[in-house]
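*Asks:* Provided below: entry09.tsv, containing TSV, C-alpha atoms.
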chain	number	residue	atom	x	y	z
A	222	MET	CA	94.40	101.62	122.77
A	223	LEU	CA	92.47	100.45	119.71
A	224	VAL	CA	90.29	102.69	117.58
A	225	SER	CA	87.30	100.56	118.62
A	226	GLU	CA	87.98	101.42	122.28
A	227	LEU	CA	87.64	105.14	121.70
A	228	PRO	CA	84.30	106.63	122.81
A	229	PHE	CA	81.96	107.24	119.88
A	230	GLU	CA	81.86	110.98	120.65
A	231	LYS	CA	85.68	111.16	120.64
A	232	ILE	CA	85.85	109.46	117.23
A	233	ASN	CA	83.33	111.88	115.77
A	234	ALA	CA	85.07	114.85	117.34
A	235	ASP	CA	88.44	113.73	115.94
A	236	PHE	CA	87.02	113.24	112.46
A	237	SER	CA	85.85	116.83	112.38
A	238	ASP	CA	88.73	118.36	114.31
A	239	SER	CA	92.42	117.36	114.30
A	240	GLY	CA	91.82	113.98	112.70
A	241	LEU	CA	91.25	110.44	113.88
A	242	CYS	CA	94.76	109.01	114.35
A	243	PHE	CA	95.78	105.40	113.96
A	244	LYS	CA	98.80	103.32	113.00
A	245	THR	CA	98.99	100.99	110.06
A	246	GLY	CA	102.29	99.20	110.11
A	247	ILE	CA	104.99	101.84	109.84
A	248	PHE	CA	102.68	104.76	109.12
A	249	ASN	CA	100.86	107.06	111.52
A	250	ILE	CA	97.78	108.41	109.84
A	251	ALA	CA	95.36	111.17	110.76
A	252	VAL	CA	92.05	111.43	108.92
A	253	THR	CA	89.50	114.19	108.97
A	254	SER	CA	86.23	113.75	107.15
A	255	ASN	CA	82.70	115.11	107.10
A	256	ILE	CA	81.35	112.23	105.01
A	257	PRO	CA	79.41	109.58	106.95
A	258	ALA	CA	80.36	106.82	104.48
A	259	VAL	CA	84.06	107.50	105.12
A	260	THR	CA	83.73	107.57	108.90
A	261	ARG	CA	81.70	104.34	108.71
A	262	HIS	CA	84.36	102.80	106.46
A	263	ILE	CA	87.12	103.68	108.91
A	264	ARG	CA	85.17	102.47	111.94
A	265	HIS	CA	84.44	99.22	110.11
A	266	PHE	CA	87.89	98.51	108.64
A	267	TYR	CA	90.25	100.19	111.08
A	268	SER	CA	88.56	99.53	114.42
A	269	HIS	CA	91.25	97.02	115.46
A	270	TYR	CA	94.15	99.29	114.60
A	271	ASP	CA	96.16	100.97	117.35
A	272	CYS	CA	95.54	104.62	118.03
A	273	ASN	CA	98.53	106.93	117.95
A	274	ASN	CA	99.98	108.34	121.11
A	275	GLU	CA	99.67	112.08	121.38
A	276	THR	CA	103.41	112.46	120.97
A	277	ASP	CA	103.62	110.35	117.80
A	278	PHE	CA	104.65	112.10	114.62
A	279	ILE	CA	101.85	111.90	112.07
A	280	ASP	CA	103.23	110.77	108.70
A	281	LEU	CA	100.11	111.31	106.64
A	282	HIS	CA	97.45	113.85	107.46
A	283	VAL	CA	94.60	113.43	105.00
A	284	GLU	CA	91.19	114.94	104.58
A	285	VAL	CA	88.24	113.46	102.71
A	286	LYS	CA	85.44	115.96	102.46
A	287	ALA	CA	82.29	116.75	100.58
A	288	VAL	CA	82.82	119.42	97.93
A	289	GLY	CA	80.83	122.59	98.62
A	290	GLY	CA	79.06	124.94	96.21
A	291	TYR	CA	75.77	124.56	94.34
A	292	ARG	CA	76.94	121.36	92.73
A	293	ARG	CA	76.47	119.53	96.01
A	294	PHE	CA	72.69	119.70	95.58
A	295	TYR	CA	72.49	117.89	92.25
A	296	ARG	CA	75.81	116.04	91.89
A	297	PRO	CA	77.55	115.72	95.27
A	298	GLN	CA	81.26	115.07	95.08
A	299	VAL	CA	84.14	114.16	97.33
A	300	SER	CA	87.66	115.57	97.39
A	301	PHE	CA	90.82	114.12	98.88
A	302	SER	CA	93.59	116.29	100.25
A	303	PHE	CA	96.99	115.57	101.73
A	304	ASP	CA	98.52	118.38	103.80
A	305	GLY	CA	96.15	120.72	101.98
A	306	TYR	CA	97.13	119.53	98.50
A	307	GLU	CA	94.48	117.89	96.31
A	308	PRO	CA	96.17	115.40	93.99
A	309	PHE	CA	92.94	114.23	92.31
A	310	ILE	CA	89.90	115.80	90.76
A	311	PRO	CA	86.75	115.31	92.89
A	312	LEU	CA	84.80	112.09	92.42
A	313	PRO	CA	81.10	111.25	92.88
A	314	ILE	CA	80.38	110.99	96.58
A	315	ASN	CA	79.47	107.29	96.45
A	316	GLN	CA	83.18	106.63	95.79
A	317	ALA	CA	84.32	108.40	98.97
A	318	PRO	CA	85.62	105.33	100.87
A	319	ALA	CA	87.44	104.10	97.76
A	320	MET	CA	88.91	107.57	97.27
A	321	PHE	CA	90.18	107.48	100.84
A	322	GLU	CA	92.01	104.20	100.18
A	323	TRP	CA	93.33	105.29	96.78
A	324	GLY	CA	94.42	108.58	98.28
A	325	LEU	CA	96.35	106.86	101.07
A	326	ASN	CA	98.08	104.69	98.48
A	327	TRP	CA	99.03	107.82	96.55
A	328	CYS	CA	100.39	109.49	99.70
A	329	ILE	CA	102.55	106.51	100.60
A	330	ALA	CA	103.83	106.06	97.04
A	331	ASN	CA	104.76	109.74	96.84
A	332	THR	CA	106.34	110.28	100.22
A	333	ALA	CA	107.90	107.12	101.64
A	334	HIS	CA	111.13	107.36	99.69
A	335	HIS	CA	113.23	105.67	102.34
A	336	TYR	CA	111.64	102.55	100.84
A	337	LEU	CA	111.67	101.23	97.32
A	338	ILE	CA	107.93	100.98	96.72
A	339	ILE	CA	106.80	98.19	94.44
A	340	HIS	CA	103.26	97.92	93.14
A	341	SER	CA	102.53	94.45	94.43
A	342	ALA	CA	100.86	92.42	97.09
A	343	ILE	CA	103.21	91.20	99.81
A	344	ILE	CA	102.39	88.30	102.08
A	345	GLU	CA	104.33	86.00	104.40
A	346	LYS	CA	104.21	82.43	105.70
A	347	ASP	CA	106.75	80.62	107.92
A	348	GLY	CA	109.09	83.57	107.55
A	349	TYR	CA	109.06	83.51	103.74
A	350	GLY	CA	108.05	86.77	102.12
A	351	LEU	CA	106.20	86.44	98.82
A	352	ILE	CA	105.94	89.39	96.44
A	353	LEU	CA	103.12	89.32	93.90
A	354	PRO	CA	103.54	92.25	91.50
A	355	GLY	CA	100.42	93.24	89.68
A	356	THR	CA	99.51	94.37	86.24
A	357	PRO	CA	95.77	94.98	85.70
A	358	GLY	CA	93.97	91.68	85.24
A	359	SER	CA	96.82	89.61	86.67
A	360	GLY	CA	94.69	88.66	89.66
A	361	LYS	CA	97.17	90.01	92.21
A	362	SER	CA	94.59	91.18	94.73
A	363	THR	CA	92.31	88.19	94.24
A	364	LEU	CA	95.17	85.77	94.78
A	365	CYS	CA	96.39	87.81	97.75
A	366	ALA	CA	92.91	87.83	99.31
A	367	ALA	CA	92.62	84.08	98.86
A	368	LEU	CA	96.07	83.40	100.35
A	369	VAL	CA	95.58	85.59	103.42
A	370	ASN	CA	92.39	83.67	104.14
A	371	LYS	CA	94.36	80.40	104.03
A	372	GLY	CA	97.22	80.99	106.42
A	373	TRP	CA	99.40	83.61	104.78
A	374	ARG	CA	99.96	86.91	106.59
A	375	LEU	CA	99.02	90.12	104.79
A	376	LEU	CA	101.60	92.89	104.76
A	377	SER	CA	99.89	94.81	101.97
A	378	ASP	CA	97.74	94.02	98.96
A	379	GLU	CA	98.91	97.12	97.11
A	380	MET	CA	102.56	97.93	97.73
A	381	ALA	CA	105.72	96.27	98.98
A	382	LEU	CA	107.86	98.66	101.03
A	383	LEU	CA	111.44	97.45	100.57
A	384	SER	CA	113.68	99.20	103.06
A	385	LEU	CA	116.76	100.80	101.55
A	386	ALA	CA	118.47	100.37	104.90
A	387	ASP	CA	118.08	96.65	105.63
A	388	GLY	CA	116.50	95.00	102.57
A	389	LEU	CA	113.47	93.85	104.55
A	390	ILE	CA	109.88	94.51	103.53
A	391	TYR	CA	107.81	96.44	106.04
A	392	PRO	CA	104.08	95.97	106.53
A	393	ALA	CA	101.30	98.49	106.13
A	394	PRO	CA	98.27	96.21	106.29
A	395	ARG	CA	95.00	97.76	105.18
A	396	PRO	CA	91.75	96.44	103.74
A	397	VAL	CA	92.18	94.39	100.57
A	398	SER	CA	90.57	96.09	97.60
A	399	LEU	CA	88.69	93.76	95.28
A	400	LYS	CA	87.10	94.55	91.96
A	401	ASN	CA	84.17	93.30	89.93
A	402	LYS	CA	84.00	89.47	89.67
A	403	SER	CA	86.75	89.07	92.29
A	404	ILE	CA	84.38	90.23	95.02
A	405	GLN	CA	82.03	87.28	94.63
A	406	ILE	CA	84.91	84.88	93.94
A	407	ILE	CA	86.47	85.68	97.32
A	408	LYS	CA	83.11	85.72	99.11
A	409	ASP	CA	82.55	82.18	97.81
A	410	PHE	CA	86.12	81.07	98.48
A	411	ALA	CA	86.35	82.49	102.00
A	412	PRO	CA	82.83	82.78	103.45
A	413	ASP	CA	84.20	84.03	106.78
A	414	ALA	CA	85.95	87.02	105.22
A	415	VAL	CA	84.39	90.33	106.21
A	416	PHE	CA	83.46	92.76	103.47
A	417	GLY	CA	82.21	96.32	103.33
A	418	GLU	CA	79.61	97.74	101.00
A	419	VAL	CA	80.13	97.31	97.27
A	420	MET	CA	80.75	100.66	95.59
A	421	ILE	CA	79.18	100.44	92.18
A	422	ASP	CA	80.63	101.87	88.99
A	423	THR	CA	83.72	103.58	90.37
A	424	LEU	CA	86.71	104.56	88.22
A	425	LYS	CA	87.94	100.97	88.59
A	426	GLY	CA	84.57	99.24	88.28
A	427	ASP	CA	82.69	97.83	91.24
A	428	ILE	CA	84.85	97.89	94.36
A	429	ALA	CA	84.54	96.19	97.73
A	430	HIS	CA	87.03	96.08	100.57
A	431	MET	CA	87.84	93.00	102.61
A	432	LEU	CA	88.86	93.39	106.23
A	433	ALA	CA	92.55	92.72	106.86
A	434	PRO	CA	92.77	89.44	108.80
A	435	GLN	CA	93.67	89.57	112.49
A	436	SER	CA	97.06	87.94	111.81
A	437	ALA	CA	98.02	90.96	109.71
A	438	LEU	CA	97.30	93.36	112.56
A	439	ALA	CA	98.92	91.21	115.23
A	440	GLU	CA	102.25	91.35	113.39
A	441	GLN	CA	101.98	94.69	111.71
A	442	THR	CA	105.37	95.83	112.92
A	443	THR	CA	107.19	92.65	111.89
A	444	ALA	CA	109.19	93.10	108.71
A	445	VAL	CA	109.82	90.16	106.41
A	446	LYS	CA	112.73	88.95	104.33
A	447	PRO	CA	111.63	88.54	100.71
A	448	ALA	CA	112.05	84.95	99.53
A	449	PHE	CA	109.89	84.62	96.41
A	450	LEU	CA	108.96	86.94	93.58
A	451	VAL	CA	106.00	85.56	91.65
A	452	PHE	CA	104.41	87.32	88.67
A	453	PRO	CA	100.82	86.06	88.61
A	454	HIS	CA	98.87	85.67	85.38
A	455	TYR	CA	95.19	84.76	85.60
A	456	LYS	CA	93.94	82.97	82.47
A	457	ASP	CA	90.56	81.32	81.98
A	458	ASN	CA	90.90	77.54	81.68
A	459	ALA	CA	94.69	77.68	81.72
A	460	GLU	CA	96.73	74.89	83.18
A	461	LYS	CA	98.58	75.81	86.36
A	462	LYS	CA	102.19	76.63	85.50
A	463	LEU	CA	104.92	77.81	87.86
A	464	ILE	CA	107.94	78.51	85.73
A	465	GLY	CA	111.31	79.81	86.90
A	466	LEU	CA	112.09	83.27	85.57
A	467	PRO	CA	115.66	84.41	84.86
A	468	LYS	CA	116.67	87.01	87.43
A	469	SER	CA	117.69	89.49	84.75
A	470	ARG	CA	114.17	89.37	83.24
A	471	ALA	CA	112.62	89.56	86.70
A	472	LEU	CA	114.64	92.68	87.49
A	473	MET	CA	113.65	94.40	84.25
A	474	THR	CA	109.97	93.60	84.81
A	475	LEU	CA	109.96	94.49	88.48
A	476	ALA	CA	111.48	97.91	87.81
A	477	GLU	CA	108.35	98.72	85.80
A	478	HIS	CA	106.30	98.04	88.92
A	479	ALA	CA	108.28	100.32	91.24
A	480	PHE	CA	106.64	103.66	91.93
A	481	ASN	CA	109.82	105.48	92.92
A	482	PHE	CA	112.56	103.61	91.06
A	483	ASN	CA	113.55	106.70	89.05
A	484	ILE	CA	113.42	108.97	92.08
A	485	LEU	CA	115.79	106.76	94.08
A	486	GLY	CA	118.28	106.32	91.23
A	487	LYS	CA	121.25	104.08	91.98
A	488	GLN	CA	120.05	103.45	95.53
A	489	GLY	CA	116.80	102.04	94.13
A	490	PHE	CA	118.62	99.91	91.58
A	491	ASP	CA	120.99	98.54	94.22
A	492	SER	CA	118.12	97.68	96.56
A	493	MET	CA	116.15	95.97	93.84
A	494	SER	CA	119.08	94.04	92.39
A	495	ASN	CA	120.17	92.92	95.88
A	496	MET	CA	116.67	91.68	96.55
A	497	ILE	CA	116.48	89.87	93.20
A	498	GLU	CA	119.80	88.22	93.99
A	499	ASN	CA	118.28	86.63	97.08
A	500	VAL	CA	114.82	85.59	95.91
A	501	GLU	CA	113.50	82.85	93.66
A	502	CYS	CA	111.66	84.31	90.67
A	503	TYR	CA	108.70	82.75	88.90
A	504	ASP	CA	105.99	83.35	86.33
A	505	PHE	CA	102.78	81.80	87.59
A	506	THR	CA	99.78	81.07	85.39
A	507	TYR	CA	96.57	79.88	87.04
A	508	ALA	CA	92.90	79.56	86.30
A	509	ASP	CA	91.34	78.96	89.71
A	510	LEU	CA	92.15	79.71	93.31
A	511	VAL	CA	92.32	76.15	94.61
A	512	THR	CA	95.12	75.15	92.24
A	513	ALA	CA	96.70	78.59	92.59
A	514	LEU	CA	97.04	78.05	96.33
A	515	GLU	CA	98.55	74.61	95.78
A	516	GLY	CA	101.10	76.19	93.47
A	517	ILE	CA	102.01	78.99	95.84
A	518	ASP	CA	102.11	76.73	98.90
A	519	SER	CA	104.43	74.35	97.03
A	520	LEU	CA	107.08	77.08	97.08
A	521	ILE	CA	107.66	76.77	100.79
A	522	LYS	CA	107.43	73.00	101.03
B	1256	MET	CA	134.23	105.82	88.33
B	1257	SER	CA	132.17	103.61	86.06
B	1258	LYS	CA	128.88	105.08	84.94
B	1259	ILE	CA	127.26	101.68	84.59
B	1260	LYS	CA	126.43	98.72	86.80
B	1261	ILE	CA	126.07	95.27	85.32
B	1262	CYS	CA	124.07	92.53	87.00
B	1263	ASN	CA	124.52	88.99	85.84
B	1264	TRP	CA	123.29	85.90	87.61
B	1265	GLY	CA	124.86	83.35	85.33
B	1266	GLY	CA	122.20	83.43	82.62
B	1267	ASP	CA	122.34	84.39	78.95
B	1268	GLU	CA	121.19	87.91	79.71
B	1269	SER	CA	122.49	90.69	81.92
B	1270	VAL	CA	120.97	93.91	83.16
B	1271	VAL	CA	122.94	97.08	82.59
B	1272	TYR	CA	122.02	100.11	84.68
B	1273	ASN	CA	123.15	103.55	83.60
B	1274	ILE	CA	123.91	105.35	86.85
B	1275	GLU	CA	123.99	108.78	85.26
B	1276	PHE	CA	120.70	108.54	83.32
B	1277	GLY	CA	118.88	106.00	85.49
B	1278	ASP	CA	117.82	103.74	82.61
B	1279	MET	CA	118.17	99.97	82.39
B	1280	HIS	CA	118.99	97.72	79.45
B	1281	LEU	CA	118.70	93.98	78.99
B	1282	LEU	CA	121.73	92.77	77.02
B	1283	SER	CA	123.15	89.41	76.14
B	1284	SER	CA	125.70	88.58	78.80
B	1285	PHE	CA	128.42	88.51	76.16
B	1286	ASN	CA	127.58	92.00	74.90
B	1287	ALA	CA	127.41	93.25	78.48
B	1288	GLU	CA	130.89	91.82	79.07
B	1289	LEU	CA	132.12	93.60	75.93
B	1290	LEU	CA	130.57	96.82	77.22
B	1291	ALA	CA	132.43	96.45	80.50
B	1292	LEU	CA	135.67	95.89	78.61
B	1293	MET	CA	135.03	98.92	76.37
B	1294	GLN	CA	134.41	101.00	79.48
B	1295	LYS	CA	137.80	99.90	80.78
B	1296	GLN	CA	139.41	101.10	77.53
B	1297	THR	CA	140.51	97.58	76.64
B	1298	VAL	CA	142.58	97.62	73.47
B	1299	GLN	CA	140.62	96.93	70.31
B	1300	SER	CA	142.77	93.98	69.24
B	1301	LEU	CA	141.89	92.07	72.39
B	1302	LEU	CA	138.20	92.75	71.88
B	1303	ILE	CA	138.41	91.61	68.28
B	1304	GLU	CA	140.14	88.43	69.38
B	1305	LYS	CA	137.44	87.76	71.99
B	1306	VAL	CA	134.56	88.29	69.55
B	1307	SER	CA	136.28	86.32	66.84
B	1308	VAL	CA	136.88	83.33	69.10
B	1309	THR	CA	133.51	83.39	70.83
B	1310	HIS	CA	131.42	83.75	67.68
B	1311	GLY	CA	133.79	81.78	65.42
B	1312	ILE	CA	134.04	84.59	62.88
B	1313	GLU	CA	136.85	86.30	60.95
B	1314	ARG	CA	138.70	89.18	62.62
B	1315	GLN	CA	137.37	91.66	60.04
B	1316	GLU	CA	133.79	90.61	60.75
B	1317	ALA	CA	134.48	90.79	64.49
B	1318	GLU	CA	135.80	94.32	64.12
B	1319	SER	CA	132.72	95.36	62.21
B	1320	TYR	CA	130.52	93.78	64.91
B	1321	LEU	CA	132.39	95.70	67.61
B	1322	ASN	CA	132.11	98.99	65.73
B	1323	SER	CA	128.35	98.56	65.35
B	1324	LEU	CA	128.07	97.69	69.01
B	1325	ARG	CA	130.09	100.72	70.03
B	1326	ILE	CA	127.82	102.98	67.97
B	1327	GLU	CA	124.72	101.46	69.59
B	1328	TYR	CA	126.16	101.86	73.08
B	1329	LYS	CA	127.00	105.50	72.39
B	1330	LYS	CA	123.47	106.09	71.11
B	1331	ILE	CA	122.00	104.88	74.39
B	1332	ASN	CA	124.61	106.66	76.49
B	1333	LEU	CA	126.33	103.57	77.79
B	1334	LEU	CA	129.63	104.74	76.29
B	1335	ASP	CA	131.09	108.24	75.96
With the file now loaded, output its structure as structure tokens.
*Replies:*
Amino acid sequence: MLVSELPFEKINADFSDSGLCFKTGIFNIAVTSNIPAVTRHIRHFYSHYDCNNETDFIDLHVEVKAVGGYRRFYRPQVSFSFDGYEPFIPLPINQAPAMFEWGLNWCIANTAHHYLIIHSAIIEKDGYGLILPGTPGSGKSTLCAALVNKGWRLLSDEMALLSLADGLIYPAPRPVSLKNKSIQIIKDFAPDAVFGEVMIDTLKGDIAHMLAPQSALAEQTTAVKPAFLVFPHYKDNAEKKLIGLPKSRALMTLAEHAFNFNILGKQGFDSMSNMIENVECYDFTYADLVTALEGIDSLIK
Amino acid sequence: MSKIKICNWGGDESVVYNIEFGDMHLLSSFNAELLALMQKQTVQSLLIEKVSVTHGIERQEAESYLNSLRIEYKKINLLD
């Protein structure tokens, strides 16, 4: 059953009781919240996700709630908790949906240690997995959003989950988070893409989420073999350049993007070096999405 | 058991991973090869010969190069 098929009263009851439960890729999530913007966000972005069965083990039980006390009358805030632990200081309440998404990212990055977790977008086409690691300003999410609107399948715009057991990357598709100018760029580039409200002036600037395409949900249990590792670099007016990167350099750089590389120790190194061994590595400079897509699509031709 | 892993994909540079400390180093592939030989307790005269031939330098200069390298490797815990 999909979240959208649940009766409205049941959804509301779950939000305030044991949590609304749904699956995203390999994770079973339960969310409780008393904030209308969060429940709206989840109904909007997660309505086509499968509900959990009652017997399913819940991996992440999170709560997003309005902070009490006198402060709520003049500066309402939101807190995020995971199994009762609050990893962040409260934020202004207008950032509640963003805090939910950031919080889920934090939970996955800090608990899913049977995967090497790389801060990157991960997409797939014709069986080829493409990893796009991201440093701020690299355009990772913008490029990912553009590609998944032009035939690539979204596994995640935020983290690649490389299995320590089989070397495949497992999906956890969720809304794509876009910032500042990227929001309008993608709205112009992909007019059919579905967006939520823009949250103004958050910790990361203006934020809007883009609905994960249907293809991502249809294959959200299908893992992918990584084939390409591309470090994107957005530069105004730059000429498109796709340059092969020595694997040793790629490994050193990629390790900086792994959330749990140090926690996993040798197991993490072995997984990453095995993956690097089997992928083509590139530095990719681009200035606009049309030529960027040509460059990325040329990899699989 | 070796405390390092060396990854080389045929390029000029290799990645050395220190299993004990969890840190990584990007070395020239030649220096990484020397490190592997030092780890295996290869006799100094063979190492000197290798450096001397590869870099086209005198044996004395090669020995000095190796000693400096050994000190650096010890500093970053790649050698005991």
*Asks:* Measure the distance from atom CA of A:Gly465 to atom CA of A:Cys502 in Å and round it to one decimal.
*Replies:*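 That distance, rounded to one decimal, is 5.9 Å.
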*Asks:* Counting all atoms listed in the file, what are the residues of chain A within 12 Å of chain B, and for each of them which pair of atoms is the nearest and at what distance in Å, to one decimal? Sort the table by chain and rising number, as CSV.
*Replies:*
residue,atom,partner,partner_atom,distance
A:Leu466,CA,B:Gly1266,CA,10.5
A:Pro467,CA,B:Gly1266,CA,7.0
A:Lys468,CA,B:Trp1264,CA,6.7
A:Ser469,CA,B:Ser1269,CA,5.7
A:Arg470,CA,B:Leu1281,CA,7.7
A:Ala471,CA,B:Val1270,CA,10.1
A:Leu472,CA,B:Val1270,CA,7.8
A:Met473,CA,B:Leu1281,CA,7.3
A:Thr474,CA,B:Leu1281,CA,10.5
A:Leu475,CA,B:Met1279,CA,11.6
A:Ala476,CA,B:Met1279,CA,8.9
A:Glu477,CA,B:Met1279,CA,10.5
A:Asn481,CA,B:Gly1277,CA,11.7
A:Phe482,CA,B:Gly1277,CA,8.8
A:Asn483,CA,B:Gly1277,CA,6.4
A:Ile484,CA,B:Gly1277,CA,9.1
A:Leu485,CA,B:Gly1277,CA,9.2
A:Gly486,CA,B:Gly1277,CA,5.8
A:Lys487,CA,B:Ile1274,CA,5.9
A:Gln488,CA,B:Ile1274,CA,9.7
A:Gly489,CA,B:Gly1277,CA,9.7
A:Phe490,CA,B:Tyr1272,CA,7.7
A:Asp491,CA,B:Lys1260,CA,9.2
A:Met493,CA,B:Cys1262,CA,11.0
A:Ser494,CA,B:Cys1262,CA,7.5
A:Asn495,CA,B:Cys1262,CA,9.7
A:Ile497,CA,B:Trp1264,CA,9.7
A:Glu498,CA,B:Trp1264,CA,7.6
A:Asn499,CA,B:Trp1264,CA,10.7
A:Val500,CA,B:Trp1264,CA,11.9
A:Glu501,CA,B:Trp1264,CA,11.9
*Asks:* Those same residues - C-alpha atoms - I'd like them written as a compact mmCIF listing (two decimals), keeping the file's coordinate frame.
*Replies:*
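Result file selection-v1.txt:
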# COMPACT_ATOMS: atom_id res chain seq x y z
CA LEU A 466 112.09 83.27 85.57
CA PRO A 467 115.66 84.41 84.86
CA LYS A 468 116.67 87.01 87.43
CA SER A 469 117.69 89.49 84.75
CA ARG A 470 114.17 89.37 83.24
CA ALA A 471 112.62 89.56 86.70
CA LEU A 472 114.64 92.68 87.49
CA MET A 473 113.65 94.40 84.25
CA THR A 474 109.97 93.60 84.81
CA LEU A 475 109.96 94.49 88.48
CA ALA A 476 111.48 97.91 87.81
CA GLU A 477 108.35 98.72 85.80
CA ASN A 481 109.82 105.48 92.92
CA PHE A 482 112.56 103.61 91.06
CA ASN A 483 113.55 106.70 89.05
CA ILE A 484 113.42 108.97 92.08
CA LEU A 485 115.79 106.76 94.08
CA GLY A 486 118.28 106.32 91.23
CA LYS A 487 121.25 104.08 91.98
CA GLN A 488 120.05 103.45 95.53
CA GLY A 489 116.80 102.04 94.13
CA PHE A 490 118.62 99.91 91.58
CA ASP A 491 120.99 98.54 94.22
CA MET A 493 116.15 95.97 93.84
CA SER A 494 119.08 94.04 92.39
CA ASN A 495 120.17 92.92 95.88
CA ILE A 497 116.48 89.87 93.20
CA GLU A 498 119.80 88.22 93.99
CA ASN A 499 118.28 86.63 97.08
CA VAL A 500 114.82 85.59 95.91
CA GLU A 501 113.50 82.85 93.66
*Asks:* Find the spatial neighbours of stretch 1301-1315 of chain B, counting only C-alpha atoms, within a cut-off of 12 Å - ignore same-chain residues fewer than 5 positions away - and output them as a list in words.
*Replies:*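 The residues satisfying every condition are Phe1285, Asn1286, Glu1288, Leu1289, Leu1290, Ala1291, Leu1292, Met1293, Gln1294, Lys1295, Gln1296, Tyr1320, Leu1321, Asn1322, Leu1324 and Arg1325 of chain B.
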*Asks:* Please determine, counting only C-alpha atoms, which residue among A:Glu379, A:Glu440, A:Asp387, A:Glu418 has the shortest atom-to-atom distance to A:Ala366.
*Replies:*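 So, comparing all the options, the nearest one is A:Glu379.
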*Asks:* What's the separation between atom CA of A:His265 and atom CA of A:Ser403, in Å to one decimal place?
*Replies:* 20.6 Å
*Asks:* Which of these, A:Gly426, A:Pro297, A:Gly305, A:Pro396, has the shortest distance to A:Phe321 once you count all atoms listed in the file?
*Replies:* A:Pro396
